[in-house]
Structure formats: C-alpha cells, structure tokens
Amino acid sequence: MANATETPLPFQLRKIGHVVLNVHDLEAALRFSIPTCWASRSATDIRQHVPGGMIFLRCNPDHHGVALVGGPRR
C-alpha cells in the first residue's frame, strides 16, 4: 500500500504486457493458472516446437500475456 507522503508515479499501469514463467510441470502449471488467474489458453499451443513445451495464456484480447515454458525439475 502506498504511503501518503510518497510521490505519485508519473505513469499509470494499465496492463501487464508479457510475462514468461519457467515451470517444471507444464500441465500442473496450466491447471493452476487458468482457474486462479482467470486466463484462457491462447489459440496457439506450441508445446511440440519447444523443448519442455510452451503454452500461451491470455486474459484480454491480446494474443497472450503469459507464456508457460516447461523445463526439467532441478
């Protein structure tokens, strides 16, 4: 929460343009993301083209705002 004595920012945040999350379990992240973030899957699903897989999600008319990238468990 902003302190009343803080200087206001010279801009307004209107949306998040692009976030990429590296996850070790792509399917589990997808099951969590859609109901939690009110996002839906984008029409593009490129799991077969990226090692570990990649799924695009959106919550507005943009093609996607979030990309989930699968990878090995560390």
# chains A, B, ... in the order shown; residues from 1 in each chain; ligands from 1

call {"tool": "residues_around", "arguments": {"residues": "Arg31 of chain A", "least_positions_apart": "6", "cutoff": "12 Å", "atoms": "only C-alpha atoms", "output": "list in words"}}
result
Asp25, Cys37, Trp38, Ala39, Ser40, Arg41, Ile55, Leu57 and Leu68 of chain A

call {"tool": "select_by_dssp", "arguments": {"residues": "segment 25-71 of chain A", "states": "strand (DSSP E)", "output": "list in words"}}
result
Ser40, Arg41, Ser42, Ala43, Thr44, Asp45, Met54, Ile55, Phe56, Leu57, Arg58, Val66, Ala67, Leu68, Val69 and Gly70 of chain A

call {"tool": "write_last_selection", "arguments": {"atoms": "N, CA and C atoms", "output": "tab-separated table (two decimals), in the first residue's frame"}}
result
chain	number	residue	atom	x	y	z
A	40	SER	N	-7.36	-17.78	-20.12
A	40	SER	CA	-7.73	-18.87	-21.00
A	40	SER	C	-6.55	-19.16	-21.91
A	41	ARG	N	-6.55	-20.34	-22.48
A	41	ARG	CA	-5.49	-20.72	-23.40
A	41	ARG	C	-5.62	-19.92	-24.68
A	42	SER	N	-4.49	-19.47	-25.19
A	42	SER	CA	-4.48	-18.79	-26.47
A	42	SER	C	-4.70	-19.84	-27.57
A	43	ALA	N	-5.07	-19.39	-28.72
A	43	ALA	CA	-5.29	-20.32	-29.84
A	43	ALA	C	-4.00	-21.03	-30.23
A	44	THR	N	-2.87	-20.45	-29.90
A	44	THR	CA	-1.59	-21.03	-30.28
A	44	THR	C	-1.03	-21.88	-29.14
A	45	ASP	N	-0.72	-23.10	-29.43
A	45	ASP	CA	-0.14	-24.03	-28.47
A	45	ASP	C	1.09	-24.62	-29.14
A	54	MET	N	5.70	-25.17	-24.37
A	54	MET	CA	5.32	-23.79	-24.11
A	54	MET	C	3.84	-23.63	-24.42
A	55	ILE	N	3.14	-22.97	-23.52
A	55	ILE	CA	1.71	-22.70	-23.71
A	55	ILE	C	1.48	-21.22	-23.45
A	56	PHE	N	0.71	-20.57	-24.33
A	56	PHE	CA	0.36	-19.17	-24.17
A	56	PHE	C	-1.00	-19.05	-23.49
A	57	LEU	N	-1.11	-18.08	-22.57
A	57	LEU	CA	-2.37	-17.80	-21.88
A	57	LEU	C	-2.74	-16.34	-22.07
A	58	ARG	N	-4.03	-16.07	-22.00
A	58	ARG	CA	-4.47	-14.67	-22.09
A	58	ARG	C	-5.65	-14.43	-21.17
A	66	VAL	N	0.80	-14.20	-20.91
A	66	VAL	CA	1.63	-15.09	-20.12
A	66	VAL	C	2.04	-16.28	-20.99
A	67	ALA	N	3.30	-16.63	-20.91
A	67	ALA	CA	3.78	-17.86	-21.55
A	67	ALA	C	4.31	-18.77	-20.45
A	68	LEU	N	3.84	-20.00	-20.44
A	68	LEU	CA	4.36	-21.01	-19.52
A	68	LEU	C	5.36	-21.85	-20.31
A	69	VAL	N	6.59	-21.92	-19.83
A	69	VAL	CA	7.65	-22.69	-20.51
A	69	VAL	C	8.06	-23.83	-19.60
A	70	GLY	N	7.89	-25.05	-20.10
A	70	GLY	CA	8.25	-26.23	-19.31
A	70	GLY	C	9.73	-26.50	-19.37

call {"tool": "closest_residue", "arguments": {"among": "A:Pro10, A:Gly71, A:His18, A:Ser33", "to": "Gly53 of chain A", "atoms": "only C-alpha atoms"}}
result
A:Gly71

call {"tool": "closest_residue", "arguments": {"among": "A:Glu6, A:Asn22, A:Arg14, A:Cys59", "to": "Thr36 of chain A", "atoms": "only C-alpha atoms"}}
result
A:Cys59

call {"tool": "closest_residue", "arguments": {"among": "A:Pro35, A:Gln12, A:Thr7, A:Val20", "to": "His64 of chain A", "atoms": "only C-alpha atoms"}}
result
A:Val20
